[in-house]
$ cat coords_36.cif   # mmCIF, C-alpha atoms
data_data
loop_
_atom_site.label_atom_id
_atom_site.label_comp_id
_atom_site.auth_asym_id
_atom_site.auth_seq_id
_atom_site.Cartn_x
_atom_site.Cartn_y
_atom_site.Cartn_z
CA MET O 218 28.48 -4.55 -3.39
CA LYS O 219 26.59 -7.44 -1.85
CA LEU O 220 23.85 -6.94 0.68
CA ASP O 221 25.59 -8.11 3.88
CA SER O 222 25.36 -4.68 5.53
CA VAL O 223 22.66 -3.02 3.46
CA GLN O 224 19.78 -4.16 5.69
CA SER O 225 20.81 -1.49 8.20
CA ALA O 226 19.82 1.11 5.61
CA VAL O 227 16.15 0.20 5.93
CA PRO O 228 14.19 2.90 7.83
CA VAL O 229 13.76 2.37 11.56
CA SER O 230 10.74 3.70 13.46
CA SER O 231 11.69 6.38 15.98
CA ILE O 232 8.43 6.02 17.87
CA ARG O 233 7.92 2.38 18.88
CA PRO O 234 10.17 1.23 21.74
CA TRP O 235 12.44 -1.76 21.14
CA SER O 236 10.82 -3.68 24.03
CA ILE O 237 7.12 -3.42 24.84
CA ARG O 238 5.42 -4.67 27.99
CA ALA O 239 2.75 -7.23 27.18
CA SER O 240 0.19 -5.10 29.02
CA ASP O 241 0.84 -2.30 26.47
CA LEU O 242 0.78 -4.39 23.28
CA TRP O 243 -2.81 -3.37 22.55
CA LEU O 244 -1.64 0.24 22.23
CA TRP O 245 1.00 -0.61 19.63
CA SER O 246 -0.61 -3.26 17.48
CA GLU O 247 -3.85 -3.80 15.59
CA VAL O 248 -5.96 -6.95 15.70
CA GLY O 249 -8.22 -7.65 12.77
CA GLN O 250 -7.44 -7.06 9.12
CA SER O 251 -7.21 -3.58 7.63
CA TRP O 252 -6.99 -3.18 3.88
CA VAL O 253 -5.13 -1.11 1.34
CA MET O 254 -7.60 -2.52 -1.21
CA ASP O 255 -10.44 -4.50 0.29
CA GLY O 256 -10.03 -8.23 -0.20
CA ILE O 257 -6.97 -7.75 -2.42
CA ILE O 258 -4.09 -6.00 -0.63
CA PRO O 259 -3.88 -6.16 3.21
CA GLU O 260 -2.21 -3.37 5.16
CA LYS O 261 1.39 -3.87 6.36
CA ALA O 262 1.78 -6.96 4.19
CA ILE O 263 4.37 -8.15 1.70
CA MET O 264 2.40 -9.03 -1.41
CA LEU O 265 3.69 -10.67 -4.58
CA VAL O 266 2.23 -9.99 -8.02
CA VAL O 267 3.28 -13.03 -10.03
CA GLY O 268 2.76 -14.11 -13.61
CA PRO O 269 4.54 -14.99 -16.85
CA PRO O 270 6.20 -12.29 -18.98
CA LYS O 271 3.81 -9.88 -20.72
CA SER O 272 0.87 -10.95 -18.55
CA GLY O 273 -0.08 -7.43 -17.49
CA LYS O 274 1.59 -7.43 -14.06
CA SER O 275 3.05 -3.94 -14.45
CA LEU O 276 -0.24 -2.56 -15.80
CA LEU O 277 -1.97 -4.05 -12.79
CA VAL O 278 0.30 -2.39 -10.20
CA GLN O 279 0.42 0.90 -12.12
CA ASP O 280 -3.36 1.09 -12.11
CA LEU O 281 -3.31 0.16 -8.40
CA ALA O 282 -0.85 2.98 -7.66
CA LEU O 283 -3.00 5.54 -9.47
CA SER O 284 -6.15 4.22 -7.80
CA LEU O 285 -4.64 4.58 -4.32
CA THR O 286 -3.24 8.06 -4.95
CA THR O 287 -6.36 9.49 -6.61
CA GLY O 288 -8.99 7.68 -4.54
CA THR O 289 -10.63 6.31 -7.69
CA PRO O 290 -11.57 2.65 -8.35
CA PHE O 291 -8.84 0.09 -9.07
CA LEU O 292 -9.44 -1.36 -12.56
CA GLY O 293 -12.56 0.81 -12.60
CA VAL O 294 -14.28 -1.54 -10.12
CA PHE O 295 -12.65 -1.82 -6.67
CA GLU O 296 -13.00 1.24 -4.43
CA PRO O 297 -10.00 2.03 -2.21
CA PRO O 298 -10.87 2.70 1.46
CA ARG O 299 -8.96 6.02 1.25
CA THR O 300 -6.13 7.72 -0.61
CA ARG O 301 -2.52 6.84 0.23
CA ARG O 302 0.98 7.88 -0.73
CA VAL O 303 2.68 5.34 -2.95
CA LEU O 304 6.35 4.98 -3.94
CA TYR O 305 6.73 3.10 -7.24
CA ILE O 306 10.22 1.80 -8.10
CA HIS O 307 10.44 0.65 -11.72
CA GLU O 308 13.47 -0.70 -13.57
CA GLU O 309 11.99 -2.31 -16.69
CA GLU O 310 11.34 0.77 -18.87
CA HIS O 311 12.86 4.18 -19.54
CA LEU O 312 11.23 7.11 -17.74
CA ASP O 313 9.68 8.38 -21.01
CA GLN O 314 7.95 5.05 -21.64
CA LEU O 315 6.75 4.83 -18.05
CA TYR O 316 5.38 8.38 -18.17
CA GLY O 317 3.44 7.54 -21.32
CA ARG O 318 1.94 4.48 -19.66
CA LEU O 319 1.04 6.32 -16.42
CA SER O 320 -0.46 9.19 -18.41
CA ALA O 321 -2.69 6.82 -20.40
CA ILE O 322 -3.84 5.00 -17.27
CA GLY O 323 -4.13 8.28 -15.37
CA LEU O 324 -6.78 9.60 -17.76
CA ASN O 325 -8.93 6.65 -16.71
CA HIS O 326 -8.57 7.97 -13.14
CA GLY O 327 -9.43 11.55 -14.10
CA ALA O 328 -5.82 12.81 -14.02
CA GLU O 329 -4.42 14.86 -16.92
CA PRO O 330 -0.95 13.92 -18.20
CA TRP O 331 0.44 17.11 -16.64
CA GLY O 332 -1.57 16.61 -13.46
CA LEU O 333 -0.63 13.13 -12.24
CA PRO O 334 -1.00 12.89 -8.44
CA ALA O 335 1.80 14.29 -6.27
CA GLU O 336 1.02 11.47 -3.81
CA LEU O 337 2.65 9.06 -6.29
CA GLY O 338 6.45 9.03 -6.08
CA VAL O 339 8.32 7.45 -9.00
CA VAL O 340 11.85 6.04 -9.14
CA ALA O 341 12.46 4.96 -12.74
CA SER O 342 15.55 3.58 -14.56
CA GLN O 343 17.89 4.69 -11.78
CA GLY O 344 19.68 1.36 -11.48
CA PHE O 345 18.02 0.55 -8.15
CA SER O 346 19.45 -2.63 -6.66
CA PHE O 347 19.15 -4.37 -3.31
CA ASP O 348 22.85 -5.14 -3.71
CA ASP O 349 23.83 -1.45 -3.87
CA ARG O 350 24.23 0.20 -0.48
CA GLU O 351 24.05 3.70 -1.96
CA GLN O 352 20.72 2.93 -3.62
CA MET O 353 19.38 1.43 -0.38
CA LEU O 354 20.41 4.57 1.52
CA ARG O 355 18.57 6.64 -1.08
CA LEU O 356 15.52 4.46 -0.47
CA GLN O 357 15.84 5.15 3.25
CA ASP O 358 15.98 8.90 2.63
CA GLU O 359 13.02 8.80 0.26
CA VAL O 360 10.86 6.82 2.68
CA ALA O 361 11.76 9.20 5.53
CA GLU O 362 11.00 12.31 3.46
CA PHE O 363 8.08 11.19 1.27
CA LYS O 364 6.45 8.95 3.91
CA PRO O 365 4.74 6.47 1.59
CA GLU O 366 2.32 3.90 2.96
CA VAL O 367 2.84 1.56 0.01
CA VAL O 368 6.11 0.75 -1.80
CA ILE O 369 6.00 -1.15 -5.10
CA PHE O 370 9.05 -2.87 -6.61
CA ASP O 371 8.65 -3.64 -10.35
CA SER O 372 10.16 -6.07 -10.88
CA LEU O 373 12.30 -8.20 -8.57
CA TYR O 374 14.64 -9.77 -11.14
CA THR O 375 15.85 -6.32 -12.28
CA MET O 376 16.85 -5.29 -8.76
CA HIS O 377 19.51 -7.81 -7.75
CA ASP O 378 22.33 -9.92 -9.22
CA ARG O 379 21.66 -13.10 -7.28
CA ASP O 380 20.71 -16.66 -8.06
CA GLU O 381 16.97 -16.70 -7.32
CA ASP O 382 17.03 -20.48 -6.89
CA ASN O 383 19.58 -20.20 -4.08
CA VAL O 384 17.90 -19.53 -0.73
CA THR O 385 21.16 -18.42 0.91
CA GLU O 386 21.81 -15.83 -1.79
CA MET O 387 18.23 -14.52 -1.73
CA GLN O 388 17.84 -14.31 2.06
CA PRO O 389 19.41 -10.81 2.39
CA VAL O 390 17.04 -9.42 -0.26
CA LEU O 391 14.00 -11.01 1.39
CA LYS O 392 15.07 -9.81 4.84
CA ALA O 393 15.45 -6.29 3.46
CA LEU O 394 11.82 -6.44 2.25
CA GLN O 395 10.68 -7.66 5.68
CA ARG O 396 12.58 -4.94 7.50
CA LEU O 397 11.20 -2.28 5.19
CA ARG O 398 7.68 -3.48 5.96
CA ASN O 399 8.23 -3.93 9.71
CA ARG O 400 10.25 -0.84 10.48
CA GLY O 401 8.42 1.51 8.18
CA ASN O 402 4.91 0.11 8.88
CA LEU O 403 4.52 -0.15 5.11
CA THR O 404 2.74 -2.35 2.64
CA VAL O 405 5.31 -3.77 0.22
CA ILE O 406 4.28 -5.05 -3.23
CA VAL O 407 6.80 -6.99 -5.32
CA VAL O 408 6.27 -7.84 -8.99
CA HIS O 409 7.84 -11.19 -9.83
CA HIS O 410 7.82 -13.81 -12.58
CA ALA O 411 6.40 -17.30 -12.70
CA ASN O 412 8.71 -20.03 -13.95
CA LYS O 413 8.00 -21.60 -17.32
CA SER O 414 5.73 -24.27 -15.84
CA GLY O 415 3.47 -21.44 -14.67
CA TRP O 416 2.99 -19.80 -18.04
CA GLY O 417 -0.36 -21.59 -18.45
CA LYS O 418 -1.68 -21.18 -14.90
CA THR O 419 0.23 -19.39 -12.15
CA THR O 420 0.19 -21.05 -8.71
CA PRO O 421 2.29 -20.60 -5.54
CA GLY O 422 4.19 -23.73 -6.59
CA ASN O 423 5.53 -22.24 -9.82
CA ILE O 424 6.68 -18.85 -8.57
CA ARG O 425 10.19 -18.45 -9.97
CA GLY O 426 13.13 -19.12 -7.65
CA THR O 427 13.48 -20.50 -4.14
CA GLY O 428 10.37 -21.27 -2.11
CA ALA O 429 11.60 -18.69 0.40
CA ILE O 430 10.32 -15.95 -1.94
CA TRP O 431 6.76 -17.23 -1.55
CA ALA O 432 7.27 -17.91 2.15
CA THR O 433 8.34 -14.30 2.76
CA GLY O 434 5.08 -12.89 1.46
CA ASP O 435 1.70 -12.59 3.12
CA GLY O 436 -0.03 -13.48 -0.11
CA ALA O 437 0.00 -13.03 -3.85
CA LEU O 438 -1.95 -11.87 -6.86
CA LEU O 439 -1.45 -14.76 -9.28
CA VAL O 440 -1.88 -13.59 -12.89
CA SER O 441 -2.54 -16.17 -15.61
CA GLY O 442 -3.55 -16.07 -19.26
CA SER O 443 -1.80 -16.02 -22.60
CA GLY O 444 -4.41 -13.99 -24.48
CA LYS O 445 -5.70 -10.47 -23.95
CA GLN O 446 -7.86 -11.51 -21.01
CA LYS O 447 -5.96 -12.20 -17.78
CA LYS O 448 -7.18 -14.06 -14.72
CA VAL O 449 -6.21 -12.87 -11.23
CA GLU O 450 -6.41 -15.20 -8.25
CA ILE O 451 -5.86 -13.66 -4.80
CA VAL O 452 -4.18 -15.96 -2.30
CA LEU O 453 -3.89 -14.58 1.25
CA ARG O 454 -2.31 -16.49 4.13
CA HIS O 455 -4.94 -15.28 6.60
CA GLY O 456 -7.92 -15.56 4.27
CA GLY O 457 -10.49 -12.94 3.35
CA GLY O 458 -9.48 -12.59 -0.29
CA ARG O 459 -11.82 -11.78 -3.12
CA GLU O 460 -12.86 -14.46 -5.56
CA PRO O 461 -10.86 -14.68 -8.81
CA PHE O 462 -11.62 -12.14 -11.50
CA THR O 463 -10.46 -11.45 -15.04
CA PHE O 464 -9.26 -8.18 -16.50
CA GLN O 465 -8.47 -7.01 -20.00
CA PRO O 466 -6.63 -3.78 -20.76
CA VAL O 467 -8.22 -1.78 -23.57
CA SER O 468 -6.19 0.89 -25.37
CA ASP O 469 -8.30 3.78 -26.65
CA THR O 470 -8.18 7.53 -27.17
CA ALA O 471 -9.90 10.18 -25.07
CA SER O 472 -13.23 11.01 -26.66
CA ALA O 473 -14.56 14.51 -27.32
CA GLU O 474 -17.78 13.54 -25.51
CA GLN O 475 -15.95 12.77 -22.26
CA TRP O 476 -12.98 15.14 -22.45
CA GLY O 477 -14.00 17.90 -24.86
CA ASN O 478 -14.91 20.36 -22.10
CA ARG O 479 -11.71 19.87 -20.09
CA GLU O 480 -8.49 21.82 -20.64
CA GLY O 481 -9.89 23.46 -23.77
CA GLY O 482 -10.22 20.12 -25.52
CA LEU O 483 -6.47 19.46 -25.42
CA LEU O 484 -7.04 15.96 -24.06
CA VAL O 485 -9.21 14.77 -26.95
CA GLY O 486 -7.34 12.08 -28.87
CA GLN O 487 -4.83 11.40 -26.09
CA PRO O 488 -4.05 7.69 -25.47
CA ILE O 489 -6.08 6.18 -22.65
CA ILE O 490 -5.92 2.74 -21.05
CA ARG O 491 -9.01 1.38 -19.36
CA PHE O 492 -9.89 -2.08 -18.08
CA GLU O 493 -12.76 -4.50 -18.56
CA VAL O 494 -13.29 -6.67 -15.47
CA THR O 495 -15.51 -9.72 -15.07
CA GLY O 496 -16.14 -12.34 -12.38
CA VAL O 497 -15.98 -9.89 -9.47
CA GLY O 498 -16.91 -11.43 -6.09
CA VAL O 499 -15.82 -11.54 -2.48
CA THR O 500 -15.69 -14.29 0.13
CA GLN O 501 -17.53 -13.97 3.41
CA ARG O 502 -15.49 -12.81 6.38
CA LYS O 503 -15.94 -13.73 10.00
CA ALA O 504 -18.41 -11.58 11.86
CA ALA O 505 -17.03 -8.98 14.22
CA SER O 506 -17.52 -9.19 17.97
CA PRO O 507 -20.62 -7.57 19.56
CA ALA O 508 -18.39 -4.95 21.21
CA ALA O 509 -16.98 -3.96 17.82
CA GLU O 510 -20.43 -3.77 16.25
CA GLU O 511 -21.44 -1.18 18.84
CA ASN O 512 -18.58 1.08 17.66
CA THR O 513 -19.34 1.22 13.94
CA SER O 514 -19.74 5.00 14.19
CA LEU O 515 -15.94 5.25 14.07
CA ASN O 516 -14.19 4.63 10.78
CA GLU O 517 -10.77 3.02 10.38
CA GLY O 518 -8.90 6.35 10.33
CA GLU O 519 -10.58 7.61 13.49
CA TRP O 520 -9.76 4.35 15.29
CA LYS O 521 -6.13 4.61 14.27
CA VAL O 522 -5.73 8.21 15.48
CA LEU O 523 -7.62 7.49 18.70
CA ARG O 524 -5.31 4.60 19.53
CA ALA O 525 -2.25 6.64 18.56
CA VAL O 526 -3.23 9.32 21.07
CA ALA O 527 -3.73 6.62 23.70
CA ALA O 528 -0.25 5.24 23.01
CA LEU O 529 1.40 8.66 23.24
CA GLU O 530 -0.82 9.96 26.11
CA LYS O 531 -0.46 13.56 24.87
CA ALA O 532 0.37 14.27 21.24
CA ASP O 533 0.48 17.15 18.80
CA ILE O 534 -0.09 16.72 15.06
CA GLU O 535 3.61 16.17 14.34
CA ALA O 536 3.82 13.29 16.83
CA LEU O 537 0.64 11.74 15.43
CA LYS O 538 2.00 12.00 11.88
CA GLU O 539 5.07 10.02 12.93
CA ARG O 540 2.94 7.44 14.77
CA VAL O 541 0.41 6.67 12.02
CA HIS O 542 2.54 7.58 8.95
CA TRP O 543 -0.07 9.84 7.36
CA ASN O 544 0.19 13.40 6.10
CA GLU O 545 -0.78 16.41 8.23
CA LYS O 546 -4.09 17.08 6.49
CA THR O 547 -5.34 13.52 7.00
CA VAL O 548 -4.25 13.36 10.65
CA ARG O 549 -5.77 16.76 11.44
CA THR O 550 -9.07 15.79 9.79
CA PHE O 551 -9.44 12.62 11.88
CA ALA O 552 -8.29 14.36 15.09
CA ASN O 553 -10.86 17.14 14.58
CA GLN O 554 -13.58 14.56 13.94
CA LEU O 555 -12.70 12.76 17.19
CA GLU O 556 -12.67 16.06 19.08
CA SER O 557 -16.11 16.96 17.70
CA ARG O 558 -17.36 13.59 19.02
CA THR O 559 -15.88 14.44 22.44
CA LEU O 560 -13.50 11.47 22.23
CA LEU O 561 -10.41 13.69 22.27
CA GLU O 562 -9.60 16.83 24.22
CA LYS O 563 -7.43 19.59 22.77
CA ASP O 564 -5.23 21.91 24.82
CA ARG O 565 -2.65 24.54 23.97
CA LEU O 566 0.53 24.26 26.02
CA PRO O 567 2.28 27.59 26.74
CA GLN O 568 5.73 26.21 26.03
CA ARG O 569 4.58 25.03 22.58
CA GLY O 570 3.18 28.36 21.46
CA ARG O 571 0.00 27.90 19.44
CA ARG O 572 0.41 24.14 18.97
CA SER O 573 -2.53 22.03 20.01
CA VAL O 574 -1.95 18.88 22.04
CA TYR O 575 -4.51 16.08 22.02
CA SER O 576 -5.35 13.65 24.80
CA LEU O 577 -8.10 11.10 25.42
CA SER O 578 -11.31 12.33 26.99
CA GLU O 579 -13.07 10.16 29.54
CA GLU O 580 -15.52 9.10 26.85
CA GLY O 581 -12.67 8.22 24.49
CA ARG O 582 -11.02 6.19 27.24
CA ARG O 583 -14.24 4.25 27.92
CA LEU O 584 -14.65 3.55 24.19
CA LEU O 585 -11.11 2.18 23.88
CA TYR O 586 -11.46 -0.01 26.94
CA SER O 587 -14.78 -1.42 25.71
CA ASP O 588 -13.03 -2.74 22.58
CA PRO O 589 -9.29 -2.30 23.19
CA THR O 590 -8.07 -4.22 20.15
CA ASN O 591 -10.66 -2.91 17.68
CA VAL O 592 -11.39 -6.40 16.40
CA ARG O 593 -13.70 -4.90 13.84
CA GLY O 594 -10.62 -3.80 11.90
CA SER O 595 -12.42 -1.44 9.51
CA THR O 596 -15.89 -0.36 8.55
#
$ encode --input "coords_36.cif" --output "structure tokens"
Amino acid sequence: MKLDSVQSAVPVSSIRPWSIRASDLWLWSEVGQSWVMDGIIPEKAIMLVVGPPKSGKSLLVQDLALSLTTGTPFLGVFEPPRTRRVLYIHEEEHLDQLYGRLSAIGLNHGAEPWGLPAELGVVASQGFSFDDREQMLRLQDEVAEFKPEVVIFDSLYTMHDRDEDNVTEMQPVLKALQRLRNRGNLTVIVVHHANKSGWGKTTPGNIRGTGAIWATGDGALLVSGSGKQKKVEIVLRHGGGREPFTFQPVSDTASAEQWGNREGGLLVGQPIIRFEVTGVGVTQRKAASPAAEENTSLNEGEWKVLRAVAALEKADIEALKERVHWNEKTVRTFANQLESRTLLEKDRLPQRGRRSVYSLSEEGRRLLYSDPTNVRGST
């Protein structure tokens, strides 16, 4: 079945109104860039990971997924701002092969093969296709139930039956990606191939297929290199990307020195994939406003929960979970931190039993009004 009606299967937010008064936009949107991975993956973006076949694209996103879900460094170098739930949809390998790869990478993130993070959801070799309404409805259900903040599609050519050079044929697929991002407040990462002219050096101009694929994204990780060492260039439409770096996957086995005391030594000799990274750097970003600099005592999560309470006026944990798309533990932690700083007030409403309802304190209101758009973005 073609995709003419499948876009309606993309999750729709039940919180944000369809029409917003301009005077209230500051309550519903964020100004300034927040990051899934600083200088590499922006929040609420559609990012492409592009390179020739066998260039390490899947390894790259698999390590990213494990980094985000364990809170450990991406490629052993780049620290994630916080842990996130990730949904990884993979159609290139059988589940057994994928499990072996994730287990080997997972050891590099401190996760045993039988203890991979529950925050990582995996859809593997299920025949997922943007052209299949049933599969798209399953995606809707999974996003609603699992509540990921990042969805990774690996890779695009396996998930449709369309002519990638034909913009008319590809538009429904690209619109489905946009709606998933917009309606679910998600970061979407799409693994895609370079055309043959890009097998030496990948650029935006040699991404395979219609130029609309590149135009749909907010940026790309461009992977080049025919040998073991791969170069990654980060191109972001709004700037702020890290300088290019190189990575090289290294296959090894878990040593007795590092793993001998864990799980009774059962992990010694298990396959492990680690990465050697060189050329790490970051470009300078624009300085934040003076008002934002005064508020550096609040981290990104506290800002987000504070502004969510302002938007909802009074909110319990369930309402805040729906607003910010985080799990209960994370939301409760930030809400309690804000209450301890006297920025939120907590009341128990009789009709809600023992449920606590949060609202802005006077101090919290003054802080929001002093920097209503949080131009600082993140600490």
$ resolve_selection --input "coords_36.cif" --expression "the PyMOL selection byres ((chain O and resi 280) around 8)" --output "PyMOL selection string"
chain O and resi 276-279+281-284+291-292+322-323
$ atom_distance --input "coords_36.cif" --atom1 "atom CA of Thr287 of chain O" --atom2 "atom CA of His326 of chain O"
7.1 Å
$ residues_around --input "coords_36.cif" --residues "segment 438-441 of chain O" --least-positions-apart "4" --cutoff "8 Å" --atoms "only C-alpha atoms" --output "PyMOL selection string"
chain O and resi 257+264-269+272-274+416-421+447-452
$ write_last_selection --input "coords_36.cif" --atoms "C-alpha atoms" --output "PDB file, keeping the file's coordinate frame"
ATOM      1  CA  ILE O 257      -6.970  -7.750  -2.420  1.00  0.00           C
ATOM      2  CA  MET O 264       2.400  -9.030  -1.410  1.00  0.00           C
ATOM      3  CA  LEU O 265       3.690 -10.670  -4.580  1.00  0.00           C
ATOM      4  CA  VAL O 266       2.230  -9.990  -8.020  1.00  0.00           C
ATOM      5  CA  VAL O 267       3.280 -13.030 -10.030  1.00  0.00           C
ATOM      6  CA  GLY O 268       2.760 -14.110 -13.610  1.00  0.00           C
ATOM      7  CA  PRO O 269       4.540 -14.990 -16.850  1.00  0.00           C
ATOM      8  CA  SER O 272       0.870 -10.950 -18.550  1.00  0.00           C
ATOM      9  CA  GLY O 273      -0.080  -7.430 -17.490  1.00  0.00           C
ATOM     10  CA  LYS O 274       1.590  -7.430 -14.060  1.00  0.00           C
ATOM     11  CA  TRP O 416       2.990 -19.800 -18.040  1.00  0.00           C
ATOM     12  CA  GLY O 417      -0.360 -21.590 -18.450  1.00  0.00           C
ATOM     13  CA  LYS O 418      -1.680 -21.180 -14.900  1.00  0.00           C
ATOM     14  CA  THR O 419       0.230 -19.390 -12.150  1.00  0.00           C
ATOM     15  CA  THR O 420       0.190 -21.050  -8.710  1.00  0.00           C
ATOM     16  CA  PRO O 421       2.290 -20.600  -5.540  1.00  0.00           C
ATOM     17  CA  LYS O 447      -5.960 -12.200 -17.780  1.00  0.00           C
ATOM     18  CA  LYS O 448      -7.180 -14.060 -14.720  1.00  0.00           C
ATOM     19  CA  VAL O 449      -6.210 -12.870 -11.230  1.00  0.00           C
ATOM     20  CA  GLU O 450      -6.410 -15.200  -8.250  1.00  0.00           C
ATOM     21  CA  ILE O 451      -5.860 -13.660  -4.800  1.00  0.00           C
ATOM     22  CA  VAL O 452      -4.180 -15.960  -2.300  1.00  0.00           C
TER      23      VAL O 452
END
$ closest_residue --input "coords_36.cif" --among "O:Val574, O:Ile406, O:Ala262, O:Leu453" --to "Leu529 of chain O" --atoms "all atoms listed in the file"
O:Val574
$ resolve_selection --input "coords_36.cif" --expression "the PyMOL selection byres ((chain O and resi 302) around 8)" --output "PDB file with C-alpha atoms, in the coordinates of the input"
ATOM      1  CA  LEU O 285      -4.640   4.580  -4.320  1.00  0.00           C
ATOM      2  CA  THR O 286      -3.240   8.060  -4.950  1.00  0.00           C
ATOM      3  CA  THR O 300      -6.130   7.720  -0.610  1.00  0.00           C
ATOM      4  CA  ARG O 301      -2.520   6.840   0.230  1.00  0.00           C
ATOM      5  CA  VAL O 303       2.680   5.340  -2.950  1.00  0.00           C
ATOM      6  CA  LEU O 304       6.350   4.980  -3.940  1.00  0.00           C
ATOM      7  CA  GLU O 336       1.020  11.470  -3.810  1.00  0.00           C
ATOM      8  CA  LEU O 337       2.650   9.060  -6.290  1.00  0.00           C
ATOM      9  CA  GLY O 338       6.450   9.030  -6.080  1.00  0.00           C
ATOM     10  CA  LYS O 364       6.450   8.950   3.910  1.00  0.00           C
ATOM     11  CA  PRO O 365       4.740   6.470   1.590  1.00  0.00           C
ATOM     12  CA  GLU O 366       2.320   3.900   2.960  1.00  0.00           C
ATOM     13  CA  VAL O 367       2.840   1.560   0.010  1.00  0.00           C
TER      14      VAL O 367
END
$ atom_distance --input "coords_36.cif" --atom1 "atom CA of Asp241 of chain O" --atom2 "atom CA of Gly401 of chain O"
20.2 Å
$ resolve_selection --input "coords_36.cif" --expression "the PyMOL selection byres ((chain O and resi 377) around 7)" --output "list in words"
Ser346, Phe347, Asp348, Tyr374, Thr375, Met376, Asp378 and Arg379 of chain O
$ closest_residue --input "coords_36.cif" --among "O:Ala335, O:Leu403, O:Ile490, O:Leu244" --to "Arg318 of chain O" --atoms "all atoms listed in the file"
O:Ile490
$ closest_residue --input "coords_36.cif" --among "O:Gln446, O:Gln352, O:Asn423, O:Ser275" --to "Val407 of chain O" --atoms "only C-alpha atoms"
O:Ser275
$ residues_around --input "coords_36.cif" --residues "Glu296 of chain O" --least-positions-apart "4" --cutoff "8 Å" --atoms "all atoms listed in the file" --output "PDB file with C-alpha atoms, in the coordinates of the input"
ATOM      1  CA  MET O 254      -7.600  -2.520  -1.210  1.00  0.00           C
ATOM      2  CA  ASP O 255     -10.440  -4.500   0.290  1.00  0.00           C
ATOM      3  CA  GLY O 288      -8.990   7.680  -4.540  1.00  0.00           C
ATOM      4  CA  THR O 289     -10.630   6.310  -7.690  1.00  0.00           C
ATOM      5  CA  PRO O 290     -11.570   2.650  -8.350  1.00  0.00           C
ATOM      6  CA  PHE O 291      -8.840   0.090  -9.070  1.00  0.00           C
TER       7      PHE O 291
END
$ residues_near_point --input "coords_36.cif" --point "(-14.1, -5.0, -19.2)" --cutoff "12 Å" --atoms "all atoms listed in the file" --output "ChimeraX atom specification"
/O:292-294,445-447,462-468,490-497
$ atom_distance --input "coords_36.cif" --atom1 "atom CA of Arg355 of chain O" --atom2 "atom CA of Thr404 of chain O"
18.6 Å
$ closest_residue --input "coords_36.cif" --among "O:Ala429, O:Met353, O:Ala328, O:Ile306" --to "Ile369 of chain O" --atoms "all atoms listed in the file"
O:Ile306
$ closest_residue --input "coords_36.cif" --among "O:Pro259, O:Gly581, O:Pro297, O:Gly426" --to "Leu523 of chain O" --atoms "only C-alpha atoms"
O:Gly581
$ closest_residue --input "coords_36.cif" --among "O:Arg540, O:Arg558, O:Lys521, O:Arg299" --to "Pro234 of chain O" --atoms "all atoms listed in the file"
O:Arg540
$ decode --input "coords_36.cif" --residues "segment 449-471 of chain O" --atoms "C-alpha atoms" --output "compact mmCIF listing (two decimals), in the first residue's frame"
# COMPACT_ATOMS: atom_id res chain seq x y z
CA VAL O 449 32.79 12.56 10.06
CA GLU O 450 31.83 16.09 9.08
CA ILE O 451 28.87 17.66 10.91
CA VAL O 452 26.80 20.05 8.81
CA LEU O 453 24.03 21.88 10.67
CA ARG O 454 21.69 24.39 9.04
CA HIS O 455 21.76 26.70 12.07
CA GLY O 456 25.45 26.31 12.85
CA GLY O 457 27.11 25.30 16.10
CA GLY O 458 28.47 21.97 14.89
CA ARG O 459 31.67 20.38 16.07
CA GLU O 460 34.72 20.36 13.86
CA PRO O 461 35.29 17.22 11.76
CA PHE O 462 36.72 14.19 13.51
CA THR O 463 37.79 10.70 12.52
CA PHE O 464 36.82 7.41 14.11
CA GLN O 465 38.02 3.86 13.71
CA PRO O 466 36.14 0.86 15.09
CA VAL O 467 38.42 -1.64 16.83
CA SER O 468 37.22 -5.21 17.40
CA ASP O 469 38.67 -6.81 20.52
CA THR O 470 37.78 -9.20 23.33
CA ALA O 471 36.96 -8.29 26.92
